[in-house]
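Participant: Enclosed is the structure file final26.txt (compact mmCIF, C-alpha atoms).
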# COMPACT_ATOMS: atom_id res chain seq x y z
CA MET A 1329 0.00 0.00 0.00
CA ALA A 1330 2.82 2.38 0.90
CA GLN A 1331 4.56 1.58 -2.39
CA SER A 1332 1.35 2.32 -4.32
CA ALA A 1333 0.95 5.68 -2.58
CA HIS A 1334 4.61 6.46 -3.35
CA HIS A 1335 4.02 5.78 -7.06
CA ARG A 1336 0.88 7.91 -7.11
CA GLY A 1337 2.85 10.79 -5.58
CA ALA A 1338 5.47 10.58 -8.31
CA GLY A 1339 2.74 10.46 -10.97
CA THR A 1340 1.03 13.50 -9.50
CA ALA A 1341 4.32 15.44 -9.51
CA ILE A 1342 4.95 14.56 -13.16
CA ALA A 1343 1.43 15.51 -14.23
CA ALA A 1344 1.53 18.80 -12.30
CA ALA A 1345 4.91 19.83 -13.73
CA ARG A 1346 3.81 18.90 -17.25
CA ARG A 1347 0.59 20.94 -17.01
CA GLU A 1348 2.47 23.90 -15.52
CA ARG A 1349 4.57 24.01 -18.69
CA GLY A 1350 1.53 23.73 -20.90
CA TRP A 1351 2.66 20.42 -22.42
CA THR A 1352 0.48 17.52 -23.48
CA GLN A 1353 1.43 13.97 -22.58
CA GLN A 1354 2.43 13.47 -26.22
CA GLN A 1355 4.75 16.50 -26.19
CA LEU A 1356 6.50 15.27 -23.03
CA ALA A 1357 6.73 11.81 -24.56
CA ASP A 1358 8.33 13.26 -27.71
CA MET A 1359 10.88 15.17 -25.63
CA CYS A 1360 11.85 11.96 -23.83
CA GLY A 1361 11.62 9.60 -26.76
CA TYR A 1362 8.92 7.44 -25.17
CA SER A 1363 5.32 6.77 -26.14
CA GLN A 1364 2.37 8.77 -24.85
CA SER A 1365 1.13 5.62 -23.13
CA THR A 1366 4.38 5.47 -21.10
CA ILE A 1367 3.82 8.99 -19.78
CA SER A 1368 0.18 8.18 -19.05
CA ARG A 1369 1.24 5.05 -17.15
CA LEU A 1370 3.74 7.03 -15.06
CA GLU A 1371 1.19 9.73 -14.24
CA ARG A 1372 -1.29 7.07 -13.12
CA GLY A 1373 1.26 5.69 -10.67
CA ARG A 1374 1.89 2.49 -12.61
CA GLN A 1375 5.69 2.60 -12.31
CA SER A 1376 7.68 -0.59 -11.95
CA ALA A 1377 11.07 -1.28 -10.40
CA GLY A 1378 12.68 -0.98 -13.83
CA ASP A 1379 11.46 2.60 -14.37
CA VAL A 1380 14.31 4.35 -12.54
CA ASP A 1381 15.99 5.63 -15.71
CA VAL A 1382 12.62 6.55 -17.23
CA LEU A 1383 11.72 8.63 -14.18
CA ALA A 1384 15.17 10.27 -14.11
CA LEU A 1385 14.83 11.38 -17.72
CA VAL A 1386 11.25 12.62 -17.30
CA ALA A 1387 12.28 14.64 -14.22
CA ASP A 1388 15.22 16.08 -16.16
CA ARG A 1389 13.02 17.16 -19.07
CA LEU A 1390 10.47 18.72 -16.71
CA GLY A 1391 13.17 20.53 -14.72
CA ILE A 1392 12.08 19.03 -11.41
CA SER A 1393 14.15 17.32 -8.73
CA PRO A 1394 14.59 13.53 -8.92
CA SER A 1395 13.34 13.40 -5.35
CA ASP A 1396 9.98 14.71 -6.62
CA VAL A 1397 9.53 11.45 -8.51
CA GLY A 1398 10.85 9.24 -5.74
CA LEU A 1399 14.52 9.06 -6.75
CA ALA A 1400 17.41 9.73 -4.42
CA GLY A 1401 20.10 12.30 -5.07
CA ASP A 1402 20.37 15.68 -6.71
CA ALA A 1403 19.31 16.34 -10.29
CA LYS A 1404 22.91 16.92 -11.31
CA ASP A 1405 23.87 13.45 -10.05
CA ASN A 1406 21.45 11.91 -12.54
CA THR A 1407 22.87 13.71 -15.58
CA ALA A 1408 25.07 10.83 -16.65
CA VAL A 1409 22.17 8.40 -16.31
CA ASN A 1410 19.88 10.68 -18.27
CA ARG A 1411 22.39 11.13 -21.08
CA ARG A 1412 23.18 7.42 -21.31
CA HIS A 1413 19.55 6.35 -21.42
CA PHE A 1414 18.24 9.46 -23.07
CA LEU A 1415 15.70 7.90 -25.22
CA GLY A 1416 14.02 5.13 -25.78
CA ALA A 1417 14.73 7.71 -28.62
CA ALA A 1418 16.78 5.19 -30.41
CA ALA A 1419 13.85 2.80 -30.17
CA VAL A 1420 11.48 5.50 -31.41
CA LEU A 1421 13.80 6.23 -34.33
CA GLY A 1422 14.37 2.57 -35.17
CA LEU A 1423 18.08 2.58 -34.23
CA ASN A 1424 20.41 0.98 -31.71
CA ALA A 1425 20.65 2.91 -28.44
CA THR A 1426 24.41 2.34 -28.07
CA PRO A 1427 25.98 2.19 -31.53
CA SER A 1428 29.50 0.97 -32.10
CA ALA A 1429 31.67 1.49 -35.15
CA ALA A 1430 31.92 -2.27 -35.72
CA ALA A 1431 28.22 -3.05 -35.42
CA PRO A 1432 26.12 -3.13 -38.61
CA ARG A 1433 23.73 -0.20 -38.78
CA ARG A 1434 20.02 -0.71 -39.11
CA PRO A 1435 18.15 1.23 -41.81
CA VAL A 1436 16.83 4.62 -40.70
CA ASN A 1437 13.06 4.82 -40.28
CA PRO A 1438 11.92 7.64 -42.65
CA ALA A 1439 9.40 8.74 -39.99
CA VAL A 1440 12.35 10.11 -38.00
CA VAL A 1441 12.44 13.29 -40.13
CA GLY A 1442 8.90 14.33 -39.31
CA HIS A 1443 9.37 13.33 -35.68
CA LEU A 1444 12.47 15.50 -35.31
CA ARG A 1445 10.81 18.49 -36.99
CA ARG A 1446 7.77 18.28 -34.70
CA LEU A 1447 9.94 17.86 -31.63
CA ARG A 1448 12.15 20.80 -32.57
CA GLY A 1449 9.01 22.95 -32.90
CA THR A 1450 7.96 21.96 -29.39
CA LEU A 1451 11.40 22.71 -27.99
CA VAL A 1452 11.51 26.10 -29.73
CA GLN A 1453 8.24 27.00 -27.99
CA SER A 1454 9.59 25.77 -24.65
CA ASP A 1455 12.74 27.85 -25.10
CA SER A 1456 10.64 30.93 -25.86
CA LEU A 1457 8.56 30.44 -22.72
CA TYR A 1458 11.07 29.07 -20.21
CA GLY A 1459 14.53 29.77 -21.58
CA PRO A 1460 17.42 27.67 -22.92
CA GLN A 1461 18.22 25.85 -19.67
CA CYS A 1462 15.00 23.85 -19.99
CA VAL A 1463 15.74 22.47 -23.46
CA ILE A 1464 19.51 22.39 -24.00
CA GLY A 1465 19.83 18.85 -22.64
CA ALA A 1466 17.22 17.49 -25.04
CA VAL A 1467 18.87 19.29 -27.95
CA GLN A 1468 22.29 17.86 -27.08
CA ASP A 1469 20.83 14.36 -26.86
CA HIS A 1470 19.04 14.55 -30.19
CA LEU A 1471 22.06 16.02 -31.95
CA ALA A 1472 24.03 13.03 -30.66
CA VAL A 1473 21.44 10.70 -32.21
CA ILE A 1474 21.60 12.66 -35.48
CA GLU A 1475 25.40 12.69 -35.65
CA GLN A 1476 26.17 9.21 -34.36
CA GLN A 1477 23.29 7.20 -35.79
CA LEU A 1478 21.14 8.92 -38.39
CA LEU A 1479 23.71 10.58 -40.64
CA PRO A 1480 26.04 7.56 -40.84
CA ALA A 1481 23.12 5.24 -41.65
CA ALA A 1482 20.88 7.31 -43.94
CA THR A 1483 21.31 6.92 -47.69
CA GLY A 1484 19.84 8.32 -50.90
CA ARG A 1485 17.04 10.90 -50.69
CA LEU A 1486 16.56 10.13 -47.00
CA ARG A 1487 20.09 11.33 -46.28
CA PHE A 1488 19.26 14.73 -47.79
CA ASP A 1489 16.15 14.93 -45.58
CA VAL A 1490 18.20 14.04 -42.50
CA LEU A 1491 20.84 16.63 -43.43
CA GLU A 1492 18.15 19.31 -43.66
CA VAL A 1493 16.71 18.49 -40.25
CA ALA A 1494 20.24 18.17 -38.81
CA SER A 1495 20.97 21.69 -40.03
CA GLU A 1496 17.85 22.99 -38.27
CA TRP A 1497 18.79 21.31 -34.98
CA ALA A 1498 22.39 22.55 -35.17
CA GLU A 1499 21.23 26.12 -35.83
CA PHE A 1500 18.85 25.84 -32.86
CA ALA A 1501 21.75 24.66 -30.68
CA GLY A 1502 23.74 27.69 -31.82
CA TRP A 1503 20.89 29.96 -30.75
CA LEU A 1504 20.58 28.29 -27.34
CA TYR A 1505 24.30 28.52 -26.60
CA GLU A 1506 24.30 32.16 -27.65
CA ASP A 1507 21.51 32.94 -25.19
CA LEU A 1508 23.35 30.96 -22.51
CA GLY A 1509 26.34 33.26 -22.96
CA GLN A 1510 28.52 30.58 -24.61
CA GLY A 1511 29.21 32.43 -27.83
CA ASP A 1512 32.03 30.16 -29.03
CA LEU A 1513 29.77 27.11 -28.92
CA GLY A 1514 27.03 29.13 -30.62
CA LEU A 1515 29.34 29.98 -33.51
CA TRP A 1516 30.59 26.38 -33.73
CA TRP A 1517 27.08 24.97 -34.08
CA SER A 1518 26.16 27.65 -36.62
CA ASP A 1519 29.13 26.57 -38.71
CA ARG A 1520 28.04 22.93 -38.40
CA ALA A 1521 24.54 23.90 -39.46
CA MET A 1522 25.93 25.59 -42.58
CA GLU A 1523 28.05 22.54 -43.41
CA TRP A 1524 25.00 20.27 -43.34
CA ALA A 1525 22.83 22.76 -45.26
CA GLN A 1526 25.46 22.99 -47.98
CA GLU A 1527 25.79 19.22 -48.23
CA ALA A 1528 22.00 19.03 -48.55
CA ASP A 1529 22.11 21.69 -51.29
CA ASP A 1530 19.44 23.57 -49.37
CA PRO A 1531 19.36 27.31 -50.24
CA VAL A 1532 16.61 28.16 -47.74
CA ARG A 1533 18.58 26.89 -44.77
CA GLN A 1534 21.79 28.41 -46.12
CA ALA A 1535 20.11 31.82 -46.30
CA PHE A 1536 18.71 31.44 -42.78
CA ILE A 1537 22.07 30.45 -41.30
CA LEU A 1538 23.86 33.32 -43.05
CA MET A 1539 21.27 35.65 -41.51
CA ARG A 1540 21.88 34.09 -38.08
CA LYS A 1541 25.64 34.47 -38.45
CA ALA A 1542 25.02 38.14 -39.27
CA GLN A 1543 22.98 38.37 -36.08
CA GLN A 1544 25.84 36.83 -34.10
CA SER A 1545 28.19 39.37 -35.66
CA VAL A 1546 25.93 42.19 -34.48
CA GLY A 1547 26.19 40.80 -30.94
CA LEU A 1548 29.98 40.79 -31.28
CA MET A 1549 29.90 44.41 -32.59
CA GLN A 1550 31.42 43.31 -35.91
CA GLN A 1551 29.43 45.77 -37.98
CA GLN A 1552 31.02 45.28 -41.41
CA ARG A 1553 30.85 41.50 -41.10
CA ALA A 1554 27.20 41.78 -40.06
CA VAL A 1555 26.34 43.81 -43.15
CA GLY A 1556 28.33 41.49 -45.41
CA LEU A 1557 26.71 38.30 -44.08
CA ALA A 1558 23.23 39.82 -44.23
CA GLU A 1559 23.78 40.83 -47.84
CA ALA A 1560 25.11 37.33 -48.58
CA ALA A 1561 21.88 35.88 -47.19
CA LEU A 1562 19.89 38.15 -49.50
CA ARG A 1563 21.92 36.98 -52.50
CA VAL A 1564 21.07 33.32 -51.98
CA ARG A 1565 19.08 32.08 -54.95
CA GLY A 1566 15.98 29.98 -54.63
CA ASP A 1567 12.57 30.25 -53.05
CA VAL A 1568 13.72 31.82 -49.78
CA PRO A 1569 10.69 32.69 -47.59
CA VAL A 1570 9.94 36.38 -47.13
CA ARG A 1571 10.38 36.18 -43.35
CA ILE A 1572 13.96 34.96 -43.75
CA ARG A 1573 14.66 37.74 -46.24
CA ALA A 1574 13.06 40.26 -43.87
CA SER A 1575 15.26 38.98 -41.04
CA ALA A 1576 18.34 39.46 -43.23
CA HIS A 1577 17.34 43.07 -43.91
CA LEU A 1578 16.99 43.57 -40.15
CA GLN A 1579 20.52 42.35 -39.48
CA ALA A 1580 21.82 44.60 -42.25
CA ALA A 1581 20.01 47.47 -40.51
CA HIS A 1582 21.75 46.67 -37.21
CA GLY A 1583 25.11 46.61 -38.97
CA HIS A 1584 24.47 49.97 -40.60
CA ALA A 1585 23.29 51.39 -37.26
CA LEU A 1586 26.51 50.23 -35.58
CA ILE A 1587 28.48 52.01 -38.31
CA GLY A 1588 26.33 55.13 -37.82
CA GLU A 1589 24.66 54.96 -41.22
CA GLY A 1590 21.16 56.00 -40.18
CA THR A 1591 19.70 56.40 -43.68
CA ALA A 1592 20.87 52.92 -44.77
CA ALA A 1593 19.54 51.43 -41.53
CA ASP A 1594 16.12 53.05 -41.98
CA ARG A 1595 15.95 51.84 -45.58
CA ALA A 1596 16.66 48.24 -44.55
CA LEU A 1597 14.12 48.46 -41.72
CA ASP A 1598 11.43 49.79 -44.06
CA THR A 1599 12.09 46.96 -46.51
CA ALA A 1600 11.78 44.36 -43.76
CA ARG A 1601 8.49 45.86 -42.55
CA GLU A 1602 7.05 45.88 -46.07
CA LEU A 1603 7.91 42.19 -46.52
CA VAL A 1604 5.98 41.04 -43.43
CA ASP A 1605 3.31 43.73 -43.19
CA GLY A 1606 -0.11 42.30 -42.37
CA ASP A 1607 1.17 38.83 -41.38
CA HIS A 1608 1.02 38.83 -37.58
CA THR A 1609 0.89 35.09 -36.86
CA PRO A 1610 4.13 33.41 -35.75
CA SER A 1611 4.92 29.97 -37.14
CA ASP A 1612 7.37 27.16 -36.36
CA GLN A 1613 8.98 27.52 -39.79
CA LEU A 1614 12.47 28.97 -40.16
CA GLY A 1615 12.17 32.72 -39.60
CA GLY A 1616 8.57 32.27 -38.42
CA TYR A 1617 9.18 34.67 -35.52
CA CYS A 1618 9.66 37.62 -37.92
CA VAL A 1619 6.25 39.26 -37.60
CA PRO A 1620 5.55 43.03 -37.63
CA SER A 1621 6.00 43.43 -33.86
CA TYR A 1622 9.42 41.75 -34.10
CA VAL A 1623 10.43 44.13 -36.90
CA ASP A 1624 9.27 47.08 -34.80
CA ALA A 1625 11.36 45.89 -31.85
CA GLN A 1626 14.43 45.69 -34.09
CA ARG A 1627 13.67 49.19 -35.40
CA ALA A 1628 13.59 50.44 -31.81
CA ALA A 1629 16.94 48.76 -31.08
CA CYS A 1630 18.44 50.47 -34.12
CA HIS A 1631 17.02 53.84 -32.99
CA LEU A 1632 18.81 53.33 -29.68
CA ARG A 1633 22.07 52.44 -31.43
CA LEU A 1634 21.75 55.60 -33.51
CA GLY A 1635 21.25 57.83 -30.46
CA ARG A 1636 17.49 58.34 -30.82
CA PRO A 1637 16.20 57.21 -27.39
CA ALA A 1638 12.84 58.99 -27.58
CA ASP A 1639 12.08 57.28 -30.91
CA ALA A 1640 13.23 53.98 -29.43
CA VAL A 1641 10.85 54.32 -26.47
CA ALA A 1642 7.85 55.01 -28.70
CA THR A 1643 8.66 52.17 -31.08
CA TYR A 1644 9.34 49.66 -28.30
CA ARG A 1645 5.97 50.46 -26.74
CA GLN A 1646 4.26 49.84 -30.07
CA ALA A 1647 6.12 46.56 -30.57
CA LEU A 1648 5.48 45.22 -27.06
CA GLY A 1649 1.82 46.17 -27.27
CA ASP A 1650 1.42 43.63 -30.11
CA TRP A 1651 3.93 41.08 -28.84
CA PRO A 1652 2.99 37.38 -29.37
CA PRO A 1653 2.52 35.71 -25.95
CA VAL A 1654 4.52 32.65 -27.00
CA TYR A 1655 7.74 34.69 -27.14
CA GLN A 1656 8.00 35.34 -23.41
CA ARG A 1657 11.79 35.22 -23.15
CA GLU A 1658 12.16 37.74 -26.00
CA ARG A 1659 9.58 39.97 -24.35
CA GLY A 1660 11.86 40.15 -21.32
CA LEU A 1661 14.82 41.04 -23.55
CA HIS A 1662 12.98 43.87 -25.27
CA LEU A 1663 11.62 45.20 -21.98
CA ALA A 1664 15.22 45.42 -20.77
CA ARG A 1665 16.14 47.28 -23.95
CA LEU A 1666 13.17 49.59 -23.47
CA ALA A 1667 14.47 50.28 -19.96
CA ASN A 1668 17.82 51.22 -21.51
CA ALA A 1669 16.00 53.57 -23.88
CA HIS A 1670 14.23 55.20 -20.92
CA ALA A 1671 17.57 55.63 -19.15
CA ALA A 1672 19.11 57.21 -22.27
CA ASP A 1673 16.01 59.44 -22.53
CA ARG A 1674 16.63 60.57 -18.92
CA THR A 1675 13.44 59.10 -17.44
CA PRO A 1676 14.88 57.04 -14.57
CA ASP A 1677 11.57 56.11 -12.92
CA ALA A 1678 10.23 54.59 -16.14
CA ALA A 1679 13.57 52.82 -16.66
CA CYS A 1680 13.44 51.24 -13.21
CA LEU A 1681 9.82 50.12 -13.51
CA THR A 1682 10.40 48.60 -16.93
CA ALA A 1683 13.63 46.91 -15.85
CA MET A 1684 11.85 45.33 -12.87
CA GLU A 1685 9.24 43.91 -15.25
CA ALA A 1686 12.00 42.46 -17.43
CA LEU A 1687 13.69 41.07 -14.33
CA GLU A 1688 10.64 39.02 -13.39
CA ILE A 1689 10.71 37.29 -16.77
CA THR A 1690 14.48 36.80 -16.59
CA ARG A 1691 14.22 34.97 -13.27
CA GLU A 1692 12.17 32.35 -15.10
CA THR A 1693 13.97 32.18 -18.45
CA GLU A 1694 17.57 32.79 -17.23
CA SER A 1695 18.45 34.55 -20.49
CA ARG A 1696 22.06 35.71 -20.37
CA ARG A 1697 21.35 38.34 -23.05
CA THR A 1698 18.61 39.88 -20.92
CA LYS A 1699 20.80 39.88 -17.82
CA THR A 1700 23.47 41.72 -19.80
CA GLU A 1701 20.92 44.33 -20.92
CA LEU A 1702 19.74 44.80 -17.33
CA ARG A 1703 23.28 45.43 -16.13
CA ARG A 1704 23.52 48.09 -18.84
CA VAL A 1705 20.37 49.68 -17.46
CA VAL A 1706 21.98 49.96 -14.02
CA THR A 1707 25.09 51.49 -15.58
CA GLY A 1708 22.96 53.94 -17.58
CA LEU A 1709 21.18 55.02 -14.40
CA ALA A 1710 24.45 56.03 -12.69
CA PRO A 1711 23.45 59.74 -12.51
CA TRP A 1712 20.52 58.68 -10.26
CA ARG A 1713 22.35 55.94 -8.35
CA ARG A 1714 21.61 57.47 -4.96
CA THR A 1715 17.83 57.25 -5.40
CA ALA A 1716 16.03 54.42 -3.63
CA MET A 1717 14.47 53.07 -6.83
CA VAL A 1718 17.81 52.77 -8.64
CA GLN A 1719 19.46 51.21 -5.59
CA ASP A 1720 16.66 48.63 -5.35
CA LEU A 1721 17.04 47.81 -9.04
CA ALA A 1722 20.84 47.49 -8.75
CA GLU A 1723 20.48 45.05 -5.85
CA ALA A 1724 17.85 42.99 -7.68
CA VAL A 1725 19.92 42.77 -10.87
CA ALA A 1726 23.02 41.75 -8.89
CA GLU A 1727 21.12 38.78 -7.47
CA VAL A 1728 20.16 37.18 -10.82
When written as structure tokens, how does the structure in this file appear?
Facilitator:
Amino acid sequence: MAQSAHHRGAGTAIAAARRERGWTQQQLADMCGYSQSTISRLERGRQSAGDVDVLALVADRLGISPSDVGLAGDAKDNTAVNRRHFLGAAAVLGLNATPSAAAPRRPVNPAVVGHLRRLRGTLVQSDSLYGPQCVIGAVQDHLAVIEQQLLPAATGRLRFDVLEVASEWAEFAGWLYEDLGQGDLGLWWSDRAMEWAQEADDPVRQAFILMRKAQQSVGLMQQQRAVGLAEAALRVRGDVPVRIRASAHLQAAHGHALIGEGTAADRALDTARELVDGDHTPSDQLGGYCVPSYVDAQRAACHLRLGRPADAVATYRQALGDWPPVYQRERGLHLARLANAHAADRTPDAACLTAMEALEITRETESRRTKTELRRVVTGLAPWRRTAMVQDLAEAVAEV
């Protein structure tokens, strides 16, 4: 009886954590590489003695302590177990879980491509809502499956499909590492993504990755490289979606703004807005985030770079007023940038209030980019550092 109650408690914890994240049983199952029926069985308290590794992985994906599901030890102590047994994924994908160079490889199940695309879409949404810490482990695990099992085994047309999806996962890893403040790893995975996109002869993904590398260059303050890579993305031939082309124009605008070329920046921003005007619905396609509110936020950032803080404040307010709820982490980032605009516009009270709002989101998403922006806010408020509001903000930012 006590054992049954113990199992029910673990199942309740799993179900509660899953619902808190807005995931279905199928989405959690996809992230773990198990079936929906396995998750349902766990939530109903039907665990068996052999479910230790299953429970460890589910707890890891949900971001809860192993003790919450009846396992001893700290979450970090289970990392090796979780990585070793990361999926029944190999079973889901029709591959061996522990491949060796000498062992013959089984044919790749073609269904793997659709599975990986759906799963990546789910993880992108989770990253937007909860931040990179919640998904980086799953991304690492699936890239290991792609590199060690799928790519060596796939042949013919299927290999091209696997290369395309591999490129998407590698680019996503680059994004996550960038937001985690590990820029070198971000650049490495972006380069890997380009390698796979080129092997697949895929112009759409090549254009997207060139745009992303331009975005990384903006973050590194490499303005000429940013402009050059953005223009390279726009030169890619093929049926490149308008949102990817709009994103490339935005990165060109940032590069021009860093150089101080306001007219060129405004021209690129106007072109990007024209390309996406009227299409307000985000999608899980490459560049699907580039909706009008996103373009407006980038325009505001360029205004701030060009020394136009009042324009930046007005444009940020417009962008955030229409911001898609699914992009919670990015909302925190742009609130922090709005706070910087307020500080540059010499309105310290508004800067502090806005920064505190961004801080609440950052505590959940743990975005390193947003934390960096918030530290800039504190620096920008130095003329008012003796006021109680600025001191409170400085203390709060120092704690994250």
Participant: Using all atoms listed in the file, list the residues that have an atom at most 8 Å from (12.6, 45.0, -40.3), coordinates as in the file, as a list in words.
Facilitator: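 I get Ala1574, Ser1575, His1577, Leu1578, Ala1581, Ala1596, Leu1597, Asp1598, Thr1599, Ala1600, Arg1601, Pro1620, Tyr1622, Val1623, Asp1624, Gln1626 and Arg1627 of chain A for the residues within 8 Å of that point.
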Participant: Of the candidates A:Val1706, A:Val1570, A:Leu1390, A:Val1728, which one gets nearest to A:Gly1615 if we count only C-alpha atoms?
Facilitator: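 Nearest candidate to A:Gly1615 out of A:Val1706, A:Val1570, A:Leu1390, A:Val1728: A:Val1570.
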Participant: Near A:Thr1609, within 10 Å and counting only C-alpha atoms, which residues show up once chain neighbours fewer than 4 positions away are dropped, as a list in words?
Facilitator: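 Answer for this query is Gly1616, Tyr1617, Cys1618, Val1619, Pro1620 and Pro1652 of chain A.
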Participant: With a distance cut-off of 12 Å and all atoms listed in the file, select the neighbouring residues of A:Ser1368, excluding the residue or stretch itself and same-chain residues fewer than 2 positions from it, and output the selection as a PDB file with C-alpha atoms, keeping the file's coordinate frame.
Facilitator:
ATOM      1  CA  ARG A1336       0.880   7.910  -7.110  1.00  0.00           C
ATOM      2  CA  GLY A1339       2.740  10.460 -10.970  1.00  0.00           C
ATOM      3  CA  THR A1340       1.030  13.500  -9.500  1.00  0.00           C
ATOM      4  CA  ILE A1342       4.950  14.560 -13.160  1.00  0.00           C
ATOM      5  CA  ALA A1343       1.430  15.510 -14.230  1.00  0.00           C
ATOM      6  CA  ARG A1346       3.810  18.900 -17.250  1.00  0.00           C
ATOM      7  CA  THR A1352       0.480  17.520 -23.480  1.00  0.00           C
ATOM      8  CA  GLN A1353       1.430  13.970 -22.580  1.00  0.00           C
ATOM      9  CA  GLN A1354       2.430  13.470 -26.220  1.00  0.00           C
ATOM     10  CA  GLN A1355       4.750  16.500 -26.190  1.00  0.00           C
ATOM     11  CA  LEU A1356       6.500  15.270 -23.030  1.00  0.00           C
ATOM     12  CA  ALA A1357       6.730  11.810 -24.560  1.00  0.00           C
ATOM     13  CA  TYR A1362       8.920   7.440 -25.170  1.00  0.00           C
ATOM     14  CA  SER A1363       5.320   6.770 -26.140  1.00  0.00           C
ATOM     15  CA  GLN A1364       2.370   8.770 -24.850  1.00  0.00           C
ATOM     16  CA  SER A1365       1.130   5.620 -23.130  1.00  0.00           C
ATOM     17  CA  THR A1366       4.380   5.470 -21.100  1.00  0.00           C
ATOM     18  CA  LEU A1370       3.740   7.030 -15.060  1.00  0.00           C
ATOM     19  CA  GLU A1371       1.190   9.730 -14.240  1.00  0.00           C
ATOM     20  CA  ARG A1372      -1.290   7.070 -13.120  1.00  0.00           C
ATOM     21  CA  GLY A1373       1.260   5.690 -10.670  1.00  0.00           C
ATOM     22  CA  ARG A1374       1.890   2.490 -12.610  1.00  0.00           C
ATOM     23  CA  GLN A1375       5.690   2.600 -12.310  1.00  0.00           C
TER      24      GLN A1375
END
Participant: To one decimal place in Å, what is the distance between atom CA of A:Glu1685 and atom CA of A:Thr1643?
Facilitator: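 Atom CA of A:Thr1643 lies at a distance of 17.9 Å from atom CA of A:Glu1685.
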Participant: Enclose the full set of atoms of stretch 1576-1580 of chain A listed in the file within a box whose edges lie along x, y and z, apply 4 Å of padding to each of the six sides, and report centre and edge lengths in Å to one decimal as AutoDock Vina command-line options.
Facilitator:
--center_x 19.4 --center_y 42.0 --center_z -41.7 --size_x 12.8 --size_y 13.1 --size_z 12.4
Participant: Residues at most 9 Å from A:Ala1466, counting only C-alpha atoms, excluding those fewer than 2 positions away in the same chain, as a ChimeraX atom specification?
Facilitator: /A:1359-1360,1389,1414,1451,1462-1464,1468-1471
Participant: So, counting all atoms listed in the file, which residue among A:Val1654, A:Ile1572, A:Met1549, A:Val1532 is closest to A:Thr1450?
Facilitator: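 Counting all atoms listed in the file, the residue closest to A:Thr1450 is A:Val1654.
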Participant: Could you please determine the separation between atom CA of A:Arg1657 and atom CA of A:Gly1514 in Å, to one decimal place?
Facilitator: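 Value for the atom CA of A:Arg1657-atom CA of A:Gly1514 distance: 18.0 Å.
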Participant: Looking at all atoms listed in the file, which of A:Val1725, A:Met1539, A:Leu1513, A:Val1382 is the one that sits closest to A:Arg1563?
Facilitator: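 Comparing A:Val1725, A:Met1539, A:Leu1513, A:Val1382 against A:Arg1563, the winner is A:Met1539.
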Participant: Using all atoms listed in the file, which residues sit within 9 Å of A:Gly1590 once same-chain residues fewer than 2 positions away are excluded, as a PyMOL selection string?
Facilitator: chain A and resi 1581+1584-1585+1587-1588+1592-1595+1630-1631+1634
Participant: Between A:Ser1454, A:Gln1477, A:Gln1526, A:Thr1675, which has the minimum distance to A:Arg1434 (counting only C-alpha atoms)?
Facilitator: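 For A:Arg1434, the nearest of the candidates is A:Gln1477.
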Participant: Separation of atom CA of A:Ser1518 and atom CA of A:Arg1665, in Å?
Facilitator: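 Separation between atom CA of A:Ser1518 and atom CA of A:Arg1665: 25.4 Å.
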Participant: For A:Ala1542, please output as a list in words all residues within 10 Å (counting all atoms listed in the file; exclusion window: fewer than 2 positions along the same chain).
Facilitator: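 So, after excluding close chain neighbours, the residues are Phe1536, Ile1537, Leu1538, Met1539, Arg1540, Gln1544, Ser1545, Val1546, Gly1547, Leu1548, Gln1550, Gln1551, Gln1552, Arg1553, Ala1554, Val1555, Gly1556, Leu1557, Ala1558, Glu1559, Ala1560, Ala1561, Ser1575, Ala1576, Leu1578, Gln1579, Ala1580, His1582 and Gly1583 of chain A.
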Participant: Using only C-alpha atoms, find the one residue out of A:Arg1565, A:Arg1636, A:Arg1573, A:Arg1713 that sits nearest to A:Cys1680.
Facilitator: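 Smallest separation from A:Cys1680 among the options: A:Arg1713.
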Participant: Looking at all atoms listed in the file, which of A:Arg1659, A:Val1386, A:Arg1691, A:Trp1503 is the one that sits closest to A:Val1452?
Facilitator: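 Going through A:Arg1659, A:Val1386, A:Arg1691, A:Trp1503 one by one, the smallest distance to A:Val1452 is for A:Trp1503.
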